[in-house]
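The structure file run-v8.tsv is reproduced below (TSV, C-alpha atoms).
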chain	number	residue	atom	x	y	z
A	1	MET	CA	252.24	165.57	-201.15
A	2	SER	CA	253.75	168.93	-200.31
A	3	LEU	CA	251.11	169.70	-197.69
A	4	ASP	CA	252.37	166.65	-195.81
A	5	ARG	CA	255.85	168.13	-195.93
A	6	ALA	CA	254.53	171.42	-194.56
A	7	LEU	CA	252.91	169.50	-191.70
A	8	GLU	CA	256.21	167.74	-191.00
A	9	LEU	CA	258.04	171.07	-190.82
A	10	ALA	CA	255.55	172.45	-188.31
A	11	ALA	CA	255.49	169.27	-186.22
A	12	ALA	CA	259.29	169.28	-185.91
A	13	VAL	CA	259.23	172.62	-184.06
A	14	ALA	CA	255.82	172.44	-182.36
A	15	GLY	CA	255.30	175.32	-179.96
A	16	ILE	CA	258.26	177.35	-181.22
A	17	ALA	CA	256.07	180.36	-182.00
A	18	TYR	CA	254.09	180.32	-178.73
A	19	PRO	CA	251.80	182.09	-178.01
A	20	ASN	CA	251.21	182.17	-181.77
A	21	PRO	CA	250.43	179.06	-183.84
A	22	THR	CA	253.19	177.16	-185.63
A	23	VAL	CA	252.67	177.06	-189.41
A	24	GLY	CA	254.66	175.18	-192.02
A	25	ALA	CA	254.93	176.20	-195.67
A	26	VAL	CA	256.39	174.73	-198.88
A	27	VAL	CA	256.82	176.41	-202.29
A	28	VAL	CA	256.73	174.11	-205.33
A	29	ALA	CA	257.68	175.19	-208.86
A	30	ASP	CA	257.83	172.86	-211.88
A	31	GLY	CA	257.35	169.85	-209.63
A	32	ALA	CA	260.29	170.68	-207.35
A	33	VAL	CA	260.41	172.14	-203.86
A	34	VAL	CA	262.10	175.54	-204.12
A	35	GLY	CA	261.30	176.94	-200.69
A	36	GLU	CA	260.45	175.74	-197.19
A	37	GLY	CA	259.70	177.61	-194.00
A	38	VAL	CA	258.13	177.41	-190.58
A	39	THR	CA	256.93	180.08	-188.18
A	40	GLU	CA	259.82	181.58	-186.26
A	41	PRO	CA	259.81	182.37	-182.53
A	42	TYR	CA	257.32	185.02	-181.41
A	43	GLY	CA	257.71	188.21	-183.40
A	44	GLY	CA	259.63	186.51	-186.21
A	45	ARG	CA	258.60	185.59	-189.73
A	46	HIS	CA	255.59	183.42	-190.48
A	47	GLY	CA	256.18	180.13	-192.29
A	48	GLU	CA	254.95	181.50	-195.61
A	49	ILE	CA	257.36	184.44	-195.52
A	50	ALA	CA	260.32	182.20	-194.69
A	51	ALA	CA	259.41	179.82	-197.53
A	52	LEU	CA	258.98	182.66	-200.03
A	53	ALA	CA	262.34	184.13	-199.01
A	54	MET	CA	264.04	180.81	-199.74
A	55	ALA	CA	262.25	180.48	-203.07
A	56	GLY	CA	263.10	184.00	-204.24
A	57	ASP	CA	262.17	184.66	-207.88
A	58	ARG	CA	261.20	181.00	-208.30
A	59	ALA	CA	258.02	181.72	-206.30
A	60	ARG	CA	256.51	183.51	-209.32
A	61	GLY	CA	253.94	181.17	-210.86
A	62	ALA	CA	254.55	178.55	-208.14
A	63	THR	CA	252.23	176.76	-205.71
A	64	LEU	CA	252.43	177.49	-202.00
A	65	TYR	CA	251.35	174.73	-199.61
A	66	VAL	CA	250.67	176.00	-196.10
A	67	THR	CA	249.26	174.26	-193.02
A	68	MET	CA	246.88	177.16	-192.23
A	69	GLU	CA	245.43	179.86	-194.43
A	70	PRO	CA	247.74	182.88	-194.72
A	71	CYS	CA	246.95	185.71	-192.31
A	72	ALA	CA	245.15	188.77	-193.58
A	73	HIS	CA	245.98	191.29	-190.86
A	74	HIS	CA	248.91	193.35	-189.64
A	75	GLY	CA	250.07	192.02	-186.28
A	76	LYS	CA	253.71	191.63	-185.23
A	77	THR	CA	254.41	191.20	-188.97
A	78	PRO	CA	252.66	192.43	-192.15
A	79	PRO	CA	249.90	190.29	-193.71
A	80	CYS	CA	251.19	187.13	-195.37
A	81	VAL	CA	248.53	187.59	-198.08
A	82	ASP	CA	250.26	190.76	-199.30
A	83	ALA	CA	253.64	189.02	-199.53
A	84	ILE	CA	252.17	186.07	-201.43
A	85	VAL	CA	250.53	188.34	-204.00
A	86	ALA	CA	253.69	190.43	-204.36
A	87	ALA	CA	255.77	187.29	-204.91
A	88	GLY	CA	253.57	186.28	-207.86
A	89	VAL	CA	252.47	182.94	-206.40
A	90	ALA	CA	249.87	181.39	-208.71
A	91	ARG	CA	248.21	178.92	-206.34
A	92	VAL	CA	247.85	178.44	-202.58
A	93	VAL	CA	246.72	175.21	-200.90
A	94	ALA	CA	245.86	175.55	-197.19
A	95	GLY	CA	245.42	172.72	-194.70
A	96	CYS	CA	242.85	174.57	-192.56
A	97	LEU	CA	241.21	177.93	-191.98
A	98	ASP	CA	242.41	180.51	-189.48
A	99	PRO	CA	239.90	180.69	-186.56
A	100	ASN	CA	241.24	184.07	-185.42
A	101	PRO	CA	238.59	186.61	-186.47
A	102	GLU	CA	241.25	189.32	-186.69
A	103	ALA	CA	243.41	187.39	-189.15
A	104	ALA	CA	240.97	185.13	-191.01
A	105	GLY	CA	239.85	185.54	-194.59
A	106	GLY	CA	243.21	185.16	-196.26
A	107	LEU	CA	242.02	182.68	-198.88
A	108	GLU	CA	239.20	184.97	-199.97
A	109	LEU	CA	241.58	187.91	-200.29
A	110	LEU	CA	243.94	185.80	-202.36
A	111	ARG	CA	241.13	184.81	-204.71
A	112	GLY	CA	240.17	188.46	-205.05
A	113	ALA	CA	243.77	189.19	-206.06
A	114	GLY	CA	243.70	186.53	-208.78
A	115	VAL	CA	245.46	183.74	-206.87
A	116	ALA	CA	243.92	180.27	-207.07
A	117	ALA	CA	243.30	179.48	-203.39
A	118	GLU	CA	242.20	176.03	-202.23
A	119	LEU	CA	241.17	174.75	-198.79
A	120	VAL	CA	241.94	171.09	-198.10
A	121	ASP	CA	240.77	171.17	-194.45
A	122	ARG	CA	242.95	168.43	-192.98
A	123	PHE	CA	242.33	167.26	-189.41
A	124	ALA	CA	246.08	166.85	-189.00
A	125	ALA	CA	246.52	170.56	-189.74
A	126	ARG	CA	243.83	171.61	-187.28
A	127	ARG	CA	245.24	169.26	-184.63
A	128	GLN	CA	248.71	170.84	-184.74
A	129	ASN	CA	247.45	174.06	-183.16
A	130	GLU	CA	244.40	172.66	-181.37
A	131	ALA	CA	244.86	174.59	-178.14
A	132	TRP	CA	245.46	177.90	-179.88
A	133	ARG	CA	242.44	177.32	-182.15
A	134	THR	CA	240.08	176.78	-179.20
A	135	TRP	CA	241.60	179.73	-177.34
A	136	LYS	CA	240.97	182.02	-180.33
A	137	ALA	CA	237.60	180.62	-181.45
A	138	SER	CA	235.97	180.00	-178.05
A	139	ALA	CA	237.91	182.35	-175.73
A	140	ARG	CA	238.69	179.54	-173.29
A	141	PRO	CA	241.53	177.07	-172.83
A	142	PHE	CA	241.60	173.76	-174.69
A	143	VAL	CA	240.96	171.19	-171.94
A	144	THR	CA	242.46	167.70	-172.02
A	145	TYR	CA	241.30	165.19	-169.41
A	146	LYS	CA	244.09	162.78	-168.54
A	147	VAL	CA	243.31	159.73	-166.44
A	148	ALA	CA	244.99	156.44	-165.55
A	149	THR	CA	242.65	153.47	-165.23
A	150	THR	CA	242.68	149.73	-164.85
A	151	LEU	CA	241.19	147.50	-167.51
A	152	ASP	CA	237.91	147.55	-165.58
A	153	GLY	CA	237.90	151.35	-165.47
A	154	ARG	CA	239.04	151.92	-161.87
A	155	VAL	CA	241.29	154.81	-160.88
A	156	THR	CA	243.02	153.02	-158.00
A	157	VAL	CA	244.62	149.62	-157.50
A	158	PRO	CA	244.39	148.12	-154.00
A	159	GLY	CA	247.82	147.96	-152.38
A	160	SER	CA	249.57	149.99	-155.11
A	161	ARG	CA	250.49	153.67	-155.31
A	162	TRP	CA	250.42	153.67	-159.10
A	163	VAL	CA	247.87	152.48	-161.65
A	164	THR	CA	250.05	152.65	-164.77
A	165	GLY	CA	253.71	152.01	-165.52
A	166	GLU	CA	256.78	154.22	-165.51
A	167	GLU	CA	256.61	155.03	-169.25
A	168	SER	CA	253.06	156.35	-168.90
A	169	ARG	CA	253.98	158.44	-165.88
A	170	ARG	CA	256.90	159.99	-167.77
A	171	LEU	CA	254.58	160.88	-170.65
A	172	VAL	CA	252.28	162.64	-168.18
A	173	HIS	CA	255.19	164.87	-167.16
A	174	GLU	CA	255.80	165.63	-170.84
A	175	LEU	CA	252.13	166.55	-171.18
A	176	ARG	CA	252.44	168.88	-168.19
A	177	ALA	CA	255.50	170.52	-169.72
A	178	ALA	CA	253.53	171.16	-172.92
A	179	SER	CA	250.50	172.64	-171.10
A	180	ASP	CA	249.89	176.17	-169.89
A	181	ALA	CA	248.06	174.91	-166.79
A	182	VAL	CA	247.48	171.66	-164.89
A	183	ALA	CA	244.42	171.25	-162.66
A	184	VAL	CA	242.92	168.96	-160.04
A	185	GLY	CA	240.00	169.20	-157.62
A	186	MET	CA	240.15	169.92	-153.93
A	187	GLY	CA	239.48	166.27	-153.12
A	188	THR	CA	242.71	165.30	-154.88
A	189	VAL	CA	244.53	168.15	-153.13
A	190	ARG	CA	243.45	166.91	-149.71
A	191	ASP	CA	244.08	163.23	-150.44
A	192	ASP	CA	247.33	163.39	-152.42
A	193	ALA	CA	248.88	166.87	-151.97
A	194	PRO	CA	249.97	166.81	-155.65
A	195	ARG	CA	252.76	169.05	-156.93
A	196	LEU	CA	251.50	169.09	-160.54
A	197	ASP	CA	254.83	170.33	-161.92
A	198	ALA	CA	256.73	168.75	-164.81
A	199	ARG	CA	259.71	166.75	-163.53
A	200	ASP	CA	262.63	164.92	-165.16
A	201	VAL	CA	261.63	166.08	-168.68
A	202	PRO	CA	262.69	169.11	-170.76
A	203	VAL	CA	260.66	172.15	-169.64
A	204	VAL	CA	260.56	175.57	-171.29
A	205	ARG	CA	258.14	176.91	-168.67
A	206	GLN	CA	256.36	175.18	-165.80
A	207	PRO	CA	252.55	175.15	-166.07
A	208	ARG	CA	250.30	177.07	-163.76
A	209	ARG	CA	249.05	174.64	-161.10
A	210	LEU	CA	245.39	174.96	-160.24
A	211	ALA	CA	242.92	173.55	-157.73
A	212	PHE	CA	239.21	173.81	-158.55
A	213	GLY	CA	236.73	173.81	-155.69
A	214	ARG	CA	236.09	175.31	-152.30
A	215	GLY	CA	239.07	176.16	-150.16
A	216	PRO	CA	240.97	176.71	-148.19
A	217	LEU	CA	244.09	175.14	-149.61
A	218	PRO	CA	246.19	173.17	-147.11
A	219	PRO	CA	249.06	175.11	-145.47
A	220	GLY	CA	252.11	175.18	-147.70
A	221	SER	CA	250.24	174.41	-150.92
A	222	ASP	CA	251.63	176.17	-154.00
A	223	LEU	CA	248.47	175.67	-156.04
A	224	GLU	CA	246.12	178.43	-157.22
A	225	LEU	CA	242.59	178.07	-155.88
A	226	ARG	CA	239.82	178.57	-158.45
A	227	SER	CA	236.48	178.60	-156.64
A	228	GLY	CA	234.12	180.16	-159.19
A	229	PRO	CA	231.87	178.49	-161.78
A	230	LEU	CA	233.95	176.35	-164.13
A	231	ALA	CA	233.07	178.24	-167.31
A	232	ALA	CA	233.79	181.60	-165.69
A	233	GLU	CA	237.13	180.37	-164.36
A	234	LEU	CA	238.13	179.10	-167.81
A	235	ASP	CA	237.15	182.44	-169.35
A	236	ALA	CA	239.36	184.22	-166.82
A	237	LEU	CA	242.27	181.87	-167.44
A	238	ALA	CA	241.94	182.38	-171.21
A	239	ALA	CA	241.96	186.15	-170.75
A	240	ASP	CA	245.19	185.66	-168.80
A	241	GLY	CA	246.79	183.85	-171.75
A	242	VAL	CA	246.16	180.22	-170.77
A	243	GLN	CA	245.61	178.35	-174.04
A	244	SER	CA	245.78	174.74	-172.82
A	245	MET	CA	244.86	173.02	-169.57
A	246	LEU	CA	245.60	169.44	-168.54
A	247	LEU	CA	242.87	168.20	-166.22
A	248	GLU	CA	244.18	165.56	-163.83
A	249	GLY	CA	241.42	165.63	-161.23
A	250	GLY	CA	239.43	162.70	-159.97
A	251	PRO	CA	236.03	161.47	-161.18
A	252	THR	CA	234.05	164.24	-159.46
A	253	LEU	CA	235.86	167.11	-161.15
A	254	ALA	CA	236.15	165.34	-164.51
A	255	THR	CA	232.43	164.58	-164.53
A	256	ALA	CA	231.61	168.21	-163.66
A	257	PHE	CA	233.76	169.43	-166.56
A	258	LEU	CA	232.17	166.94	-168.94
A	259	LYS	CA	228.64	167.84	-167.87
A	260	ALA	CA	229.52	171.50	-168.45
A	261	ASP	CA	230.78	170.51	-171.93
A	262	LEU	CA	234.23	171.88	-171.13
A	263	ILE	CA	236.41	168.87	-172.02
A	264	ASP	CA	237.87	168.81	-175.53
A	265	LYS	CA	240.15	165.76	-175.53
A	266	LEU	CA	240.44	162.53	-173.57
A	267	LEU	CA	243.70	160.76	-172.80
A	268	VAL	CA	242.97	157.48	-171.05
A	269	PHE	CA	245.99	155.45	-169.94
A	270	VAL	CA	244.78	151.86	-169.51
A	271	ALA	CA	246.85	149.48	-167.40
A	272	PRO	CA	246.75	145.68	-167.85
A	273	THR	CA	245.18	145.25	-164.42
A	274	LEU	CA	241.76	144.31	-163.05
A	275	ALA	CA	241.26	146.21	-159.80
A	276	GLY	CA	237.92	144.63	-158.98
A	277	GLN	CA	236.86	147.54	-156.78
A	278	GLY	CA	237.08	151.31	-156.42
A	279	ARG	CA	235.72	154.35	-158.23
A	280	ARG	CA	235.54	154.50	-161.99
A	281	PHE	CA	237.15	157.37	-163.87
A	282	LEU	CA	233.79	159.07	-164.54
A	283	ASP	CA	230.66	159.30	-162.42
A	284	GLU	CA	227.14	158.86	-163.78
A	285	LEU	CA	226.19	161.05	-166.76
A	286	SER	CA	222.64	162.00	-167.69
A	287	GLU	CA	223.25	160.95	-171.30
A	288	SER	CA	225.83	159.25	-173.45
A	289	ARG	CA	228.47	161.23	-175.33
A	290	SER	CA	230.11	160.42	-178.65
A	291	VAL	CA	233.81	161.00	-179.27
A	292	SER	CA	235.75	161.17	-182.51
A	293	HIS	CA	239.20	160.41	-183.92
A	294	LEU	CA	239.72	157.55	-181.48
A	295	LYS	CA	243.13	155.94	-181.63
A	296	ALA	CA	245.23	153.69	-179.43
A	297	ARG	CA	248.96	153.18	-178.98
A	298	PRO	CA	251.10	151.21	-176.53
A	299	ILE	CA	253.00	153.09	-173.83
A	300	GLY	CA	255.27	150.54	-172.22
A	301	GLY	CA	252.94	147.87	-170.84
A	302	ASP	CA	249.93	150.20	-170.94
A	303	VAL	CA	247.69	151.39	-173.76
A	304	LEU	CA	246.91	155.06	-174.35
A	305	LEU	CA	243.47	155.83	-175.77
A	306	GLU	CA	243.09	159.28	-177.33
A	307	ALA	CA	239.78	160.72	-178.49
A	308	TYR	CA	238.15	164.10	-179.01
A	309	VAL	CA	234.93	165.34	-177.46
A	310	HIS	CA	235.34	168.52	-179.49
A	311	ALA	CA	237.61	168.10	-182.50
A	312	PRO	CA	239.69	171.21	-183.29
Show me this structure written as structure tokens.
Amino acid sequence: MSLDRALELAAAVAGIAYPNPTVGAVVVADGAVVGEGVTEPYGGRHGEIAALAMAGDRARGATLYVTMEPCAHHGKTPPCVDAIVAAGVARVVAGCLDPNPEAAGGLELLRGAGVAAELVDRFAARRQNEAWRTWKASARPFVTYKVATTLDGRVTVPGSRWVTGEESRRLVHELRAASDAVAVGMGTVRDDAPRLDARDVPVVRQPRRLAFGRGPLPPGSDLELRSGPLAAELDALAADGVQSMLLEGGPTLATAFLKADLIDKLLVFVAPTLAGQGRRFLDELSESRSVSHLKARPIGGDVLLEAYVHAP
């Protein structure tokens, strides 16, 4: 399916258009792909425009598959809707809607211009730009809680510095490199003096490193102290351009975020160990919570569980 190809194009260059979303597009005419494109670095062409440019005159009467509905506003570039209509595209199939109120509504405008516009609404398409979608729709960062636990749910192993293996720890550094901010609580700051930077992995920009809670920070700490209410602090971070935050704090901070309904995704690294004692990765909750899109995959000798509290 050509929408799958559009998703592949976007996935191959994830984050290239930051702080904008990455969108893939494919033009199909007479059963053959005649154009492909993906959003270019910030200020460049959107995926649809790049695909239409490759297709040229063959776009007339063709079908355009795009991972997100074409934009309907004039930002750094003109509206993609106008270019699609001008190219004579007969049909557009979109993988998800645009949550940006300034740019949404492209499918409706296309229908009004006589283009057959269809929404497939694929989770895979929404997932590709999950942080940006939450940032635009909810005006706060997309929060991922990352935790390493034993098989019996403990966050420490007696006599060992680490809970999980080397492969899992490397992946955490990759997650940091892909995040706008990384955060812990003051208890973790005092106990572990964490650096929270991304090390020994490719890094385009280091994340902002945050400590939530009451100060002061220890002498020499490079972390930013965030002492206000959690929701207010996230609003302020979002206004400052922070789209994604990796929460690495202990059970106290993670439970506070979950009770405030401010965690979107869970990444639980489970080690093949029974600790037998110690704190669990969440404290008591007043009620149970359901998660969605649960999946598991091996990371070295560990297992990574991924699930969404709020699906994008």
Tell me which protein, DNA and RNA residues are within 8 Å of Leu151 (chain A), counting all atoms listed in the file, leaving out same-chain ones fewer than 5 positions away, and put them as JSON, numbers by chain. {"A": [270, 271, 272, 273, 274, 275]}
Can you work out which one of A:Arg45, A:Arg209, A:Arg91, A:Arg170 has the shortest atom-to-atom distance to Val242 (chain A), counting all atoms listed in the file?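 Of A:Arg45, A:Arg209, A:Arg91, A:Arg170, the one nearest Val242 (chain A) is A:Arg209, counting all atoms listed in the file.
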Which of A:Phe123, A:Phe257, A:Tyr308, A:Trp135 sits closest to Ser292 (chain A) [using all atoms listed in the file]: A:Tyr308
Closest to Phe269 (chain A) among A:Pro70, A:Gly56, A:Gly165, A:Gly220, using only C-alpha atoms?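 Once distances to Phe269 (chain A) are computed over only C-alpha atoms, the minimum belongs to A:Gly165.
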From the options A:Ala72, A:Ala10, A:Ala296, A:Val268, which residue's atoms come nearest to Gly153 (chain A), counting all atoms listed in the file?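 Closest residue, counting all atoms listed in the file: A:Val268.
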In terms of the shortest atom-to-atom distance over all atoms listed in the file, which of A:Val201, A:Val89, A:Ala117, A:Met186 is closest to Leu253 (chain A)?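 The shortest atom-to-atom distance to Leu253 (chain A) comes from A:Met186.
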Between CA of Leu266 (chain A) and CA of Val303 (chain A) - distance in Å to one decimal: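 Atom-to-atom, CA of Val303 (chain A) to CA of Leu266 (chain A), that is 13.3 Å.
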Quick one: pull the distance between CA of Glu248 (chain A) and CA of Pro21 (chain A), Å, one decimal. 24.9 Å
List the neighbours of Val34 (chain A) out to 8 Å using all atoms listed in the file; skip same-chain residues closer than 4 positions along the sequence, and give me the result as a PyMOL selection string. chain A and resi 26-29+54-55+58-59
May I have the selected residues written with C-alpha atoms, as a PDB file, in the frame of the given file?
ATOM      1  CA  VAL A  26     256.390 174.730-198.880  1.00  0.00           C
ATOM      2  CA  VAL A  27     256.820 176.410-202.290  1.00  0.00           C
ATOM      3  CA  VAL A  28     256.730 174.110-205.330  1.00  0.00           C
ATOM      4  CA  ALA A  29     257.680 175.190-208.860  1.00  0.00           C
ATOM      5  CA  MET A  54     264.040 180.810-199.740  1.00  0.00           C
ATOM      6  CA  ALA A  55     262.250 180.480-203.070  1.00  0.00           C
ATOM      7  CA  ARG A  58     261.200 181.000-208.300  1.00  0.00           C
ATOM      8  CA  ALA A  59     258.020 181.720-206.300  1.00  0.00           C
TER       9      ALA A  59
END
For each of A:Thr150, A:Ser168, A:Ser160, A:Asn20, take the minimum atom-to-atom distance to Asn100 (chain A), counting all atoms listed in the file, then give the residue where this is smallest.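 The shortest atom-to-atom distance to Asn100 (chain A) comes from A:Asn20.
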If we count all atoms listed in the file, what is near Gly15 (chain A) at a cut-off of 12 Å, once residues fewer than 2 positions away on the same chain are taken out, given as a ChimeraX atom specification? /A:9-13,17-23,38-42,128-132,177-180,204-205,243-244
Protein/DNA/RNA residues near (238.2, 176.9, -167.3), cut 9 Å, only C-alpha atoms, as a short mmCIF file (atom, residue, chain, number, x, y, z; two decimals) with C-alpha atoms, in the frame of the given file:
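out17.cif written:
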data_model
loop_
_atom_site.label_atom_id
_atom_site.label_comp_id
_atom_site.auth_asym_id
_atom_site.auth_seq_id
_atom_site.Cartn_x
_atom_site.Cartn_y
_atom_site.Cartn_z
CA ARG A 140 238.69 179.54 -173.29
CA PRO A 141 241.53 177.07 -172.83
CA PHE A 142 241.60 173.76 -174.69
CA VAL A 143 240.96 171.19 -171.94
CA PRO A 229 231.87 178.49 -161.78
CA LEU A 230 233.95 176.35 -164.13
CA ALA A 231 233.07 178.24 -167.31
CA ALA A 232 233.79 181.60 -165.69
CA GLU A 233 237.13 180.37 -164.36
CA LEU A 234 238.13 179.10 -167.81
CA ASP A 235 237.15 182.44 -169.35
CA ALA A 236 239.36 184.22 -166.82
CA LEU A 237 242.27 181.87 -167.44
CA ALA A 238 241.94 182.38 -171.21
CA MET A 245 244.86 173.02 -169.57
CA PHE A 257 233.76 169.43 -166.56
CA LEU A 262 234.23 171.88 -171.13
#
Please provide as a list in words all residues within 12 Å of Asp82 (chain A), with the sequence filter that same-chain residues fewer than 3 positions apart are discarded (counting only C-alpha atoms).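 Residues meeting the cut-off are Glu48, Ile49, Leu52, Pro70, Cys71, Ala72, His73, His74, Thr77, Pro78, Pro79, Val85, Ala86, Ala87, Gly88, Val89, Gly106, Leu107, Leu109, Leu110, Gly112, Ala113 and Val115 of chain A.
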As a PDB file with C-alpha atoms, keeping the file's coordinate frame, please: the residues near Asp121 (chain A) (cut-off 8 Å, all atoms listed in the file, same-chain neighbours under 2 positions excluded).
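File produced: out-v4.pdb:
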ATOM      1  CA  ALA A  94     245.860 175.550-197.190  1.00  0.00           C
ATOM      2  CA  GLY A  95     245.420 172.720-194.700  1.00  0.00           C
ATOM      3  CA  CYS A  96     242.850 174.570-192.560  1.00  0.00           C
ATOM      4  CA  LEU A  97     241.210 177.930-191.980  1.00  0.00           C
ATOM      5  CA  LEU A 119     241.170 174.750-198.790  1.00  0.00           C
ATOM      6  CA  PHE A 123     242.330 167.260-189.410  1.00  0.00           C
ATOM      7  CA  ALA A 125     246.520 170.560-189.740  1.00  0.00           C
ATOM      8  CA  ARG A 126     243.830 171.610-187.280  1.00  0.00           C
TER       9      ARG A 126
END
Separation of CA of Arg161 (chain A) from CA of Glu224 (chain A) in Å: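 Computing the Euclidean distance for CA of Glu224 (chain A) and CA of Arg161 (chain A) yields 25.2 Å.
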Around (248.7, 166.5, -173.0) in the file's frame, which residues reach within 9 Å when counting all atoms listed in the file? Return as a ChimeraX atom specification? /A:144-146,171-179,244-246,265,267
